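With compact mmCIF, C-alpha atoms inside, this is run_15.txt:
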```
# COMPACT_ATOMS: atom_id res chain seq x y z
CA MET W 1 85.92 -4.07 19.76
CA GLY W 2 85.44 -4.42 16.02
CA ALA W 3 86.56 -6.31 12.94
CA GLN W 4 87.56 -5.27 9.42
CA LYS W 5 88.06 -7.44 6.36
CA SER W 6 88.85 -6.74 2.69
CA ILE W 7 88.10 -9.39 0.07
CA HIS W 8 89.12 -9.29 -3.60
CA ALA W 9 86.79 -11.14 -5.99
CA GLY W 10 88.25 -10.75 -9.47
CA LYS W 11 88.47 -7.00 -10.07
CA ALA W 12 85.88 -6.23 -7.43
CA LYS W 13 86.78 -5.34 -3.87
CA ILE W 14 84.57 -5.99 -0.84
CA ASP W 15 85.18 -4.18 2.47
CA VAL W 16 83.39 -5.42 5.58
CA ASN W 17 83.48 -3.58 8.90
CA VAL W 18 81.69 -4.61 12.09
CA ASP W 19 82.10 -2.35 15.12
CA PHE W 20 80.87 -2.48 18.71
CA THR W 21 82.85 0.49 20.05
CA HIS W 22 80.34 3.21 19.11
CA LYS W 23 77.82 1.69 21.51
CA LEU W 24 79.76 3.09 24.47
CA CYS W 25 80.12 6.54 22.91
CA ALA W 26 76.45 6.72 21.97
CA ALA W 27 75.38 5.64 25.44
CA LEU W 28 77.41 8.45 26.97
CA MET W 29 76.17 11.08 24.49
CA LEU W 30 72.51 10.27 23.96
CA PRO W 31 69.57 8.92 25.92
CA PRO W 32 68.06 5.67 24.60
CA LEU W 33 65.91 6.53 21.59
CA ARG W 34 63.97 3.30 21.86
CA ASP W 35 63.98 0.05 23.76
CA ASN W 36 65.02 -2.69 21.35
CA GLY W 37 65.67 -6.15 22.69
CA ASN W 38 67.19 -7.38 19.43
CA PRO W 39 70.92 -8.11 20.06
CA LEU W 40 71.72 -7.12 16.44
CA SER W 41 70.66 -3.56 17.31
CA LEU W 42 73.90 -3.23 19.32
CA ILE W 43 76.04 -3.70 16.20
CA ILE W 44 77.32 -0.89 14.02
CA GLY W 45 78.73 -2.06 10.73
CA SER W 46 79.28 -1.34 7.07
CA LEU W 47 79.60 -3.29 3.85
CA CYS W 48 81.19 -1.77 0.75
CA ILE W 49 81.49 -3.38 -2.70
CA LYS W 50 83.50 -1.62 -5.41
CA HIS W 51 83.96 -2.70 -9.02
CA PRO W 52 86.36 -0.50 -11.08
CA ASN W 53 85.49 -1.87 -14.56
CA LEU W 54 81.96 -3.25 -14.58
CA PHE W 55 81.34 -3.63 -18.33
CA GLY W 56 84.92 -3.34 -19.56
CA GLY W 57 84.75 0.37 -20.29
CA SER W 58 86.00 1.72 -16.93
CA GLU W 59 82.46 1.97 -15.55
CA LYS W 60 82.52 2.05 -11.76
CA LEU W 61 79.97 0.49 -9.46
CA ASP W 62 79.87 1.29 -5.74
CA VAL W 63 77.46 -0.43 -3.37
CA SER W 64 77.56 0.47 0.32
CA TRP W 65 75.47 -0.40 3.34
CA ASP W 66 75.90 1.32 6.71
CA LYS W 67 74.07 0.37 9.88
CA GLY W 68 74.03 2.49 13.01
CA LEU W 69 72.36 2.01 16.35
CA TYR W 70 69.11 3.55 15.16
CA ASP W 71 69.65 4.18 11.45
CA SER W 72 70.70 2.50 8.22
CA ASN W 73 71.69 3.61 4.74
CA ILE W 74 72.01 1.76 1.43
CA LEU W 75 73.69 3.52 -1.51
CA ILE W 76 74.18 2.27 -5.08
CA ALA W 77 76.19 4.49 -7.43
CA TYR W 78 77.09 3.80 -11.07
CA ARG W 79 79.63 6.11 -12.73
CA ARG W 80 80.40 6.25 -16.43
CA PRO W 81 83.79 7.48 -17.70
CA ARG W 82 83.78 10.96 -19.21
CA PRO W 83 86.49 13.29 -20.57
CA GLU W 84 87.97 15.54 -17.91
CA TRP W 85 86.46 18.68 -19.43
CA LEU W 86 82.90 17.28 -19.21
CA ALA W 87 80.73 16.83 -16.14
CA GLN W 88 81.10 13.42 -14.51
CA GLN W 89 77.81 11.53 -14.40
CA SER W 90 76.70 9.33 -11.53
CA PHE W 91 73.44 7.41 -11.33
CA VAL W 92 72.52 7.08 -7.68
CA ILE W 93 69.88 5.05 -5.79
CA GLN W 94 69.65 5.48 -2.03
CA HIS W 95 67.45 4.16 0.77
CA SER W 96 67.80 5.29 4.38
CA ILE W 97 66.01 5.07 7.72
CA SER W 98 66.86 7.52 10.51
CA PRO W 99 65.20 8.98 13.62
CA GLU W 100 63.89 12.52 13.14
CA ILE W 101 65.29 14.11 16.32
CA GLY W 102 66.06 17.63 15.12
CA VAL W 103 62.43 18.72 14.66
CA HIS W 104 60.31 16.12 16.50
CA GLY W 105 62.79 15.26 19.28
CA LEU W 106 61.80 16.04 22.87
CA PRO W 107 64.26 18.19 24.88
CA ILE W 108 65.25 16.61 28.21
CA ASP W 109 67.76 17.34 30.98
CA ASN W 110 67.14 21.10 30.71
CA PHE W 111 67.61 21.12 26.91
CA SER W 112 71.05 19.48 27.08
CA ARG W 113 69.82 16.32 25.31
CA SER W 114 67.00 15.31 22.95
CA GLY W 115 64.94 12.14 23.18
CA SER W 116 62.86 10.37 20.57
CA GLY W 117 59.57 11.94 19.56
CA GLY W 118 58.44 8.69 17.92
CA VAL W 119 59.04 9.93 14.35
CA ASN W 120 61.53 8.28 11.98
CA LEU W 121 62.05 9.00 8.29
CA CYS W 122 62.24 6.29 5.65
CA ARG W 123 63.65 7.88 2.48
CA PHE W 124 64.06 6.52 -1.03
CA SER W 125 65.72 8.54 -3.79
CA ALA W 126 66.90 7.91 -7.34
CA GLY W 127 68.53 10.31 -9.75
CA VAL W 128 71.60 11.68 -11.50
CA ASP W 129 74.58 13.65 -10.14
CA LEU W 130 76.70 15.83 -12.43
CA ASN W 131 80.09 16.84 -11.01
CA GLU W 132 81.40 19.83 -12.93
CA PRO W 133 85.16 20.05 -13.61
CA ALA W 134 86.86 22.07 -10.89
CA SER W 135 88.05 25.54 -11.90
CA SER W 136 90.53 27.39 -9.70
CA ASN W 137 89.26 27.10 -6.12
CA TRP W 138 85.64 26.41 -7.07
CA SER W 139 83.81 23.13 -7.61
CA SER W 140 80.13 22.45 -8.22
CA THR W 141 77.65 19.59 -8.38
CA THR W 142 74.21 19.52 -9.97
CA SER W 143 71.73 16.76 -9.30
CA ILE W 144 68.12 15.92 -10.06
CA LYS W 145 66.42 13.23 -8.01
CA PHE W 146 63.04 11.77 -7.25
CA GLU W 147 62.47 11.48 -3.50
CA HIS W 148 59.87 9.49 -1.59
CA VAL W 149 59.70 10.24 2.16
CA ARG W 150 57.63 8.04 4.48
CA PRO W 151 57.47 8.78 8.22
CA ILE W 152 57.37 5.69 10.43
CA ASN W 153 57.14 5.12 14.17
CA ASP W 154 59.67 3.28 16.33
CA ASP W 155 58.00 -0.04 15.41
CA GLY W 156 58.46 0.59 11.68
CA ARG W 157 54.80 1.33 10.91
CA SER W 158 53.76 4.21 8.64
CA ILE W 159 52.37 7.28 10.40
CA SER W 160 50.87 10.53 9.17
CA ARG W 161 50.69 12.36 12.54
CA ASP W 162 52.99 12.86 15.51
CA ILE W 163 52.27 12.03 19.16
CA ASP W 164 50.27 15.25 19.51
CA GLY W 165 48.11 14.54 16.46
CA PHE W 166 49.73 17.05 14.08
CA PRO W 167 50.64 16.05 10.47
CA VAL W 168 54.25 14.99 9.88
CA THR W 169 54.03 15.27 6.08
CA CYS W 170 53.19 18.18 3.79
CA SER W 171 50.51 16.18 1.98
CA GLY W 172 48.81 15.14 5.23
CA GLY W 173 49.00 11.52 4.09
CA PRO W 174 51.48 8.73 4.92
CA HIS W 175 54.17 9.98 2.51
CA ASP W 176 55.52 12.89 0.45
CA ASN W 177 56.85 12.77 -3.11
CA MET W 178 59.02 15.36 -4.83
CA VAL W 179 61.46 15.88 -7.67
CA VAL W 180 64.36 18.01 -6.43
CA LEU W 181 66.85 19.92 -8.55
CA LYS W 182 69.91 20.71 -6.42
CA GLN W 183 72.89 22.94 -7.14
CA GLU W 184 75.92 22.87 -4.81
CA SER W 185 78.98 25.10 -5.13
CA HIS W 186 82.10 24.93 -2.97
CA TYR W 187 85.00 27.33 -2.62
CA ALA W 188 88.17 26.41 -0.74
CA LYS W 189 91.50 28.19 -0.39
CA ALA W 190 94.28 27.31 2.03
CA ASN W 191 97.90 28.09 2.81
CA GLU W 192 100.32 27.38 5.63
CA SER W 193 98.61 29.66 8.15
CA SER W 194 94.92 29.91 7.21
CA PHE W 195 92.08 28.54 5.15
CA SER W 196 88.74 29.82 3.84
CA GLN W 197 85.71 27.83 2.77
CA LEU W 198 82.31 28.71 1.35
CA SER W 199 79.52 26.26 0.55
CA LEU W 200 76.30 27.26 -1.22
CA GLN W 201 73.35 24.93 -1.72
CA ILE W 202 70.05 25.60 -3.54
CA GLU W 203 67.25 23.02 -3.80
CA GLN W 204 64.20 23.51 -6.01
CA GLY W 205 61.13 21.27 -5.77
CA MET W 206 59.90 20.83 -9.34
CA PRO W 207 56.16 21.12 -10.20
CA VAL W 208 55.80 17.68 -11.79
CA LEU W 209 52.46 16.69 -10.24
CA SER W 210 50.02 18.86 -8.31
CA ARG W 211 50.38 16.95 -5.01
CA TRP W 212 54.18 16.89 -5.13
CA LEU W 213 56.13 19.44 -3.06
CA ILE W 214 57.11 22.72 -4.74
CA PHE W 215 59.65 24.75 -2.76
CA ASN W 216 62.94 26.58 -2.81
CA ARG W 217 65.52 25.89 -0.08
CA PHE W 218 68.78 27.79 0.30
CA LYS W 219 71.66 27.11 2.69
CA PHE W 220 75.19 28.48 3.06
CA VAL W 221 78.20 27.73 5.26
CA ALA W 222 81.17 30.12 5.44
CA SER W 223 84.28 29.15 7.45
CA LYS W 224 87.59 30.82 8.22
CA GLY W 225 90.56 29.34 10.07
CA LEU W 226 93.71 31.09 11.29
CA LYS W 227 96.85 29.95 13.05
CA VAL W 228 97.53 32.10 16.09
CA GLY W 229 100.96 31.08 17.28
CA PRO W 230 100.72 27.39 18.22
CA ALA W 231 96.93 27.65 18.51
CA PHE W 232 94.30 27.55 15.77
CA PHE W 233 91.13 29.70 15.66
CA LEU W 234 88.13 28.57 13.61
CA THR W 235 84.93 30.53 13.02
CA SER W 236 81.96 29.66 10.84
CA LEU W 237 78.60 31.12 9.89
CA THR W 238 75.68 28.92 8.77
CA GLY W 239 72.33 30.14 7.50
CA GLY W 240 69.41 29.14 5.35
CA SER W 241 65.76 29.60 4.47
CA ILE W 242 62.95 27.73 2.73
CA VAL W 243 59.87 29.11 0.93
CA GLY W 244 56.92 27.30 -0.63
CA ASP W 245 55.56 23.88 0.33
CA MET W 246 57.15 22.46 3.44
CA ALA W 247 56.92 19.38 5.63
CA PRO W 248 58.01 19.66 9.28
CA TYR W 249 61.04 17.41 8.67
CA GLN W 250 62.40 19.99 6.17
CA ALA W 251 62.78 22.68 8.85
CA PHE W 252 66.24 23.88 9.88
CA ALA W 253 67.05 22.26 13.24
CA ILE W 254 69.21 24.34 15.61
CA GLY W 255 71.20 22.81 18.46
CA GLY W 256 73.55 19.84 18.80
CA LEU W 257 77.13 18.86 18.05
CA GLY W 258 77.13 20.32 14.54
CA SER W 259 75.23 23.45 15.54
CA VAL W 260 74.94 25.08 18.98
CA ARG W 261 76.88 22.81 21.32
CA GLY W 262 75.62 22.46 24.87
CA TYR W 263 72.10 21.79 23.60
CA GLY W 264 70.62 18.52 22.40
CA GLU W 265 70.00 18.00 18.70
CA GLY W 266 67.38 20.54 17.62
CA ALA W 267 66.78 21.64 21.24
CA VAL W 268 67.25 25.36 20.46
CA GLY W 269 64.49 25.34 17.87
CA SER W 270 63.45 24.56 14.30
CA GLY W 271 62.28 27.08 11.73
CA ARG W 272 61.89 28.02 8.10
CA SER W 273 65.06 30.08 8.51
CA CYS W 274 68.14 29.85 10.71
CA LEU W 275 71.43 31.52 11.53
CA VAL W 276 74.22 29.81 13.53
CA VAL W 277 77.67 31.13 14.52
CA ASN W 278 80.42 28.80 15.77
CA ASN W 279 83.79 29.86 17.23
CA GLU W 280 86.49 27.51 18.47
CA LEU W 281 90.08 27.89 19.67
CA THR W 282 92.25 24.78 19.64
CA PHE W 283 95.69 24.61 21.24
CA PRO W 284 98.13 21.68 21.50
CA LEU W 285 99.00 20.24 24.91
CA ASN W 286 101.26 17.47 23.62
CA LYS W 287 101.61 15.28 20.53
CA VAL W 288 98.29 13.48 20.98
CA LEU W 289 96.30 15.82 23.20
CA GLU W 290 94.61 19.13 22.35
CA GLY W 291 92.60 21.57 24.40
CA THR W 292 89.58 23.41 22.99
CA ILE W 293 87.43 26.39 23.97
CA PHE W 294 84.28 27.15 22.01
CA VAL W 295 81.37 29.60 21.89
CA ASP W 296 78.28 28.99 19.73
CA CYS W 297 74.99 30.80 19.20
CA GLY W 298 71.98 30.25 16.94
CA THR W 299 68.48 31.49 16.19
CA ASP W 300 65.48 30.58 14.04
CA LEU W 301 65.02 34.29 13.22
CA GLY W 302 61.47 34.15 14.56
CA SER W 303 60.38 31.63 11.92
CA GLY W 304 59.59 28.70 14.22
CA HIS W 305 55.84 29.32 14.19
CA HIS W 306 55.82 29.13 10.38
CA VAL W 307 56.72 25.41 10.46
CA PRO W 308 53.56 23.29 9.95
CA GLY W 309 52.27 22.12 13.34
CA ASN W 310 54.71 24.46 15.15
CA PRO W 311 56.66 21.57 16.75
CA ALA W 312 59.26 23.88 18.35
CA LEU W 313 56.66 25.81 20.36
CA ARG W 314 54.80 22.65 21.38
CA HIS W 315 58.03 21.17 22.74
CA GLY W 316 58.97 24.37 24.58
CA LYS W 317 62.07 25.18 22.53
CA PRO W 318 63.30 28.79 23.00
CA GLY W 319 64.05 29.58 19.33
CA SER W 320 67.46 31.08 20.12
CA GLY W 321 70.34 30.28 22.44
CA PHE W 322 74.07 30.20 23.00
CA GLY W 323 76.46 27.60 24.30
CA PHE W 324 80.06 27.60 25.43
CA GLY W 325 82.45 25.11 26.93
CA TYR W 326 85.86 23.50 26.91
CA GLY W 327 87.22 20.07 26.18
CA LEU W 328 90.04 17.74 25.27
CA ARG W 329 90.78 15.93 22.03
CA PHE W 330 92.82 12.77 21.75
CA LYS W 331 94.25 12.17 18.28
CA PHE W 332 95.13 8.73 16.95
CA HIS W 333 97.45 7.79 14.08
CA SER W 334 94.53 6.15 12.27
CA GLY W 335 92.94 9.58 11.74
CA TYR W 336 90.30 9.15 14.42
CA ARG W 337 89.83 11.67 17.19
CA LEU W 338 88.22 11.22 20.60
CA CYS W 339 86.64 14.38 22.01
CA GLN W 340 85.53 14.95 25.59
CA LYS W 341 83.79 18.27 26.23
CA VAL W 342 82.00 20.00 29.06
CA ASN W 343 79.20 22.17 27.66
CA TYR W 344 77.06 24.96 29.03
CA HIS W 345 74.19 26.87 27.45
CA GLY W 346 72.08 29.90 28.22
CA LYS W 347 70.28 28.25 31.16
CA MET W 348 73.62 27.03 32.49
CA PRO W 349 73.28 23.28 32.88
CA LYS W 350 76.49 21.32 32.52
CA ALA W 351 76.72 18.27 30.28
CA MET W 352 79.64 16.10 29.24
CA GLN W 353 79.79 14.80 25.69
CA ILE W 354 82.17 12.19 24.31
CA THR W 355 82.42 11.76 20.54
CA LEU W 356 84.47 9.56 18.25
CA SER W 357 85.03 11.06 14.83
CA LYS W 358 87.08 10.68 11.68
CA ILE W 359 88.95 13.79 10.51
CA PHE W 360 90.51 14.62 7.17
CA TYR W 361 93.21 17.15 6.36
CA ASP W 362 94.24 19.00 3.26
CA LYS W 363 97.89 17.98 2.95
CA LYS W 364 98.67 21.11 0.94
CA ALA W 365 97.11 23.38 3.50
CA LEU W 366 97.80 23.58 7.17
CA THR W 367 100.61 22.21 9.24
CA GLY W 368 98.38 22.69 12.28
CA SER W 369 95.64 20.40 13.51
CA SER W 370 92.45 21.96 12.20
CA PRO W 371 90.36 19.71 9.95
CA ILE W 372 89.47 21.02 6.53
CA THR W 373 86.23 19.06 6.35
CA SER W 374 83.70 18.40 9.03
CA HIS W 375 83.43 15.15 10.94
CA ARG W 376 80.64 12.68 11.59
CA SER W 377 80.04 11.72 15.19
```

Would you mind writing the file's structure down as structure tokens?
Amino acid sequence: MGAQKSIHAGKAKIDVNVDFTHKLCAALMLPPLRDNGNPLSLIIGSLCIKHPNLFGGSEKLDVSWDKGLYDSNILIAYRRPRPEWLAQQSFVIQHSISPEIGVHGLPIDNFSRSGSGGVNLCRFSAGVDLNEPASSNWSSTTSIKFEHVRPINDDGRSISRDIDGFPVTCSGGPHDNMVVLKQESHYAKANESSFSQLSLQIEQGMPVLSRWLIFNRFKFVASKGLKVGPAFFLTSLTGGSIVGDMAPYQAFAIGGLGSVRGYGEGAVGSGRSCLVVNNELTFPLNKVLEGTIFVDCGTDLGSGHHVPGNPALRHGKPGSGFGFGYGLRFKFHSGYRLCQKVNYHGKMPKAMQITLSKIFYDKKALTGSSPITSHRS
């Protein structure tokens, strides 16, 4: 239920993808976030333009546009050639619109799903990325960007307060501005029977102007995978904290497919700090079918009431919870994977989730089926 087309215009390449299939998956996973009668809202698509030699000196230009059911993203990246021993420079401009469900979403169906809280984030950023040359198993990226964040309602109008009258920005006005210096470091090591990963991320809001946000945000993700006979066991630990100026949308949201499964997105809670543990056992049933068993738990470490406006408490979120369940995965030769899972959480409702995701493997690593990088649902 989709179409793909690649067009070559001189040295440039244009990829066009229009897809209707995600509409079914999203309808089964999520409640309607808003009622939109526009037929174009049913389309998910992407447009990608790549030029490998823009000015004749191997400069690369990438322009991409992605449209989802309720979100969109435009990215323009210009990369200049550099010697291998120097950091690779990328000049990046990005504009995105997405619903803010993790913090302002309303838990429904006994916390198993999250509905729209009427807050969406319109973000614009521009800056420079520096990709350091990889050494051994480590790689790192440093970036400095200007960010402009403007909350809007479901009709696209600017807002400064949520449905309960609490501010949705740090400034109290219709937008927040900040200059963010970000440092990301990644460690990865894999062999035929296991892999280890560690990701560290530090963001510092720079004191450029008095009304701009000044903060320090830290996040880490540690993962370990092991082959146990024909099965594969994966465990991960995610944590983070933020100090200084803070808008509600910067809180760590706990709950959802990438966090504590069995809950809706952000339905466990949102806080200045968080800690999430994920465990999953995957075992093959045949060439295209896998079975999974998982157990997740997460907590805001008692920091939910430190988020401006205390949205977690107002929405009745518990602040901590666990989820467990089982499911099936159907693998396709194209690299896509269809997952059907039955989830439970601490209050024991049962919910079925169906996701379509793209997975990537490290060819030098595992002969099993565990993905080395995470997927997007």

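CA of Ile202 in chain W lies 21.5 Å from CA of Ser136 in chain W.
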
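Nearest-residue note for Glu290 in chain W: choosing from W:Arg123, W:His175, W:Arg329, W:Arg261, the minimum distance belongs to W:Arg329, counting all atoms listed in the file.
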
_List the spatial neighbours of Ser114 in chain W as a ChimeraX atom specification - criterion: any atom at most 6 Å away, all atoms listed in the file, same-chain residues fewer than 6 positions off excluded._
/W:105-108,264-265

Residues just named, written with C-alpha atoms as an mmCIF file, in the coordinates of the input:
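Generated output (selection-v5.cif):
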```cif
data_model
loop_
_atom_site.group_PDB
_atom_site.id
_atom_site.type_symbol
_atom_site.label_atom_id
_atom_site.label_comp_id
_atom_site.auth_asym_id
_atom_site.auth_seq_id
_atom_site.Cartn_x
_atom_site.Cartn_y
_atom_site.Cartn_z
ATOM 1 C CA GLY W 105 62.790 15.260 19.280
ATOM 2 C CA LEU W 106 61.800 16.040 22.870
ATOM 3 C CA PRO W 107 64.260 18.190 24.880
ATOM 4 C CA ILE W 108 65.250 16.610 28.210
ATOM 5 C CA GLY W 264 70.620 18.520 22.400
ATOM 6 C CA GLU W 265 70.000 18.000 18.700
#
```

*Around (58.2, 26.3, -1.4) in the file's own coordinates, what residues are found within 8 Å if you use all atoms listed in the file, given back as a PyMOL selection string?*
chain W and resi 205+213-217+242-246

*asked:* Just to confirm, what's the straight-line distance from CA of Leu281 in chain W to CA of Phe324 in chain W in Å (one decimal)?
replied: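 Calculated distance between CA of Leu281 in chain W and CA of Phe324 in chain W is 11.6 Å.
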
*At what distance in Å, to one decimal, does CA of Cys122 in chain W lie from CA of Trp212 in chain W?*
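Between CA of Trp212 in chain W and CA of Cys122 in chain W the gap works out to 17.1 Å.
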
_Which residues are close to Asn279 in chain W, i.e. within 12 Å by only C-alpha atoms, leaving aside same-chain residues fewer than 6 positions away? Reply as a list of chain:residue names._
W:Ser223, W:Lys224, W:Gly225, W:Leu226, W:Phe232, W:Phe233, W:Leu234, W:Thr235, W:Ser236, W:Leu237, W:Thr238, W:Gly258, W:Ser259, W:Val260, W:Arg261, W:Thr292, W:Ile293, W:Phe294, W:Val295, W:Asp296, W:Cys297, W:Gly298, W:Phe322, W:Gly323, W:Phe324, W:Gly325, W:Tyr326

Serialized selection, C-alpha atoms, as a compact mmCIF listing (two decimals), in the frame of the given file:
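Once written, part.txt looks like this:
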```
# COMPACT_ATOMS: atom_id res chain seq x y z
CA SER W 223 84.28 29.15 7.45
CA LYS W 224 87.59 30.82 8.22
CA GLY W 225 90.56 29.34 10.07
CA LEU W 226 93.71 31.09 11.29
CA PHE W 232 94.30 27.55 15.77
CA PHE W 233 91.13 29.70 15.66
CA LEU W 234 88.13 28.57 13.61
CA THR W 235 84.93 30.53 13.02
CA SER W 236 81.96 29.66 10.84
CA LEU W 237 78.60 31.12 9.89
CA THR W 238 75.68 28.92 8.77
CA GLY W 258 77.13 20.32 14.54
CA SER W 259 75.23 23.45 15.54
CA VAL W 260 74.94 25.08 18.98
CA ARG W 261 76.88 22.81 21.32
CA THR W 292 89.58 23.41 22.99
CA ILE W 293 87.43 26.39 23.97
CA PHE W 294 84.28 27.15 22.01
CA VAL W 295 81.37 29.60 21.89
CA ASP W 296 78.28 28.99 19.73
CA CYS W 297 74.99 30.80 19.20
CA GLY W 298 71.98 30.25 16.94
CA PHE W 322 74.07 30.20 23.00
CA GLY W 323 76.46 27.60 24.30
CA PHE W 324 80.06 27.60 25.43
CA GLY W 325 82.45 25.11 26.93
CA TYR W 326 85.86 23.50 26.91
```

*Can you list, as a list of chain:residue names, every protein, DNA or RNA residue that comes within 6 Å of range 152-169 of chain W when you count only C-alpha atoms, leaving out same-chain residues fewer than 2 positions away?*
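Listing them by chain and then by number gives W:Gly118, W:Val119, W:Asn120, W:Ser171, W:Gly172, W:Gly173, W:Pro174, W:Ala247, W:Gly309.
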
_Option closest in space to Thr299 in chain W, from W:His51, W:Lys287, W:His186, W:Arg272 [counting only C-alpha atoms]_ = W:Arg272

*All residues 6 Å or closer to range 52-65 of chain W, all atoms listed in the file, same chain fewer than 2 positions away omitted, as a list in words*: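 Surrounding residues, per the criterion: Ser46, Leu47, Cys48, Ile49, Lys50, Asn73, Ile74, Leu75, Ile76, Ala77, Tyr78, Arg79 and Arg80 of chain W.
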
Please produce a file of the residues just selected, as a PDB file, in the coordinates of the input, where the atoms kept are C-alpha atoms.
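Final output, part-v4.pdb:
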```
ATOM      1  CA  SER W  46      79.280  -1.340   7.070  1.00  0.00           C
ATOM      2  CA  LEU W  47      79.600  -3.290   3.850  1.00  0.00           C
ATOM      3  CA  CYS W  48      81.190  -1.770   0.750  1.00  0.00           C
ATOM      4  CA  ILE W  49      81.490  -3.380  -2.700  1.00  0.00           C
ATOM      5  CA  LYS W  50      83.500  -1.620  -5.410  1.00  0.00           C
ATOM      6  CA  ASN W  73      71.690   3.610   4.740  1.00  0.00           C
ATOM      7  CA  ILE W  74      72.010   1.760   1.430  1.00  0.00           C
ATOM      8  CA  LEU W  75      73.690   3.520  -1.510  1.00  0.00           C
ATOM      9  CA  ILE W  76      74.180   2.270  -5.080  1.00  0.00           C
ATOM     10  CA  ALA W  77      76.190   4.490  -7.430  1.00  0.00           C
ATOM     11  CA  TYR W  78      77.090   3.800 -11.070  1.00  0.00           C
ATOM     12  CA  ARG W  79      79.630   6.110 -12.730  1.00  0.00           C
ATOM     13  CA  ARG W  80      80.400   6.250 -16.430  1.00  0.00           C
TER      14      ARG W  80
END
```

Given 6 Å on each side, where is the centre and what are the edge lengths in Å to one decimal of the axis-aligned box enclosing the listed atoms of range 255-270 of chain W, as JSON?
```
{"center_x": 70.3, "center_y": 21.7, "center_z": 19.6, "size_x": 25.7, "size_y": 19.4, "size_z": 22.6}
```
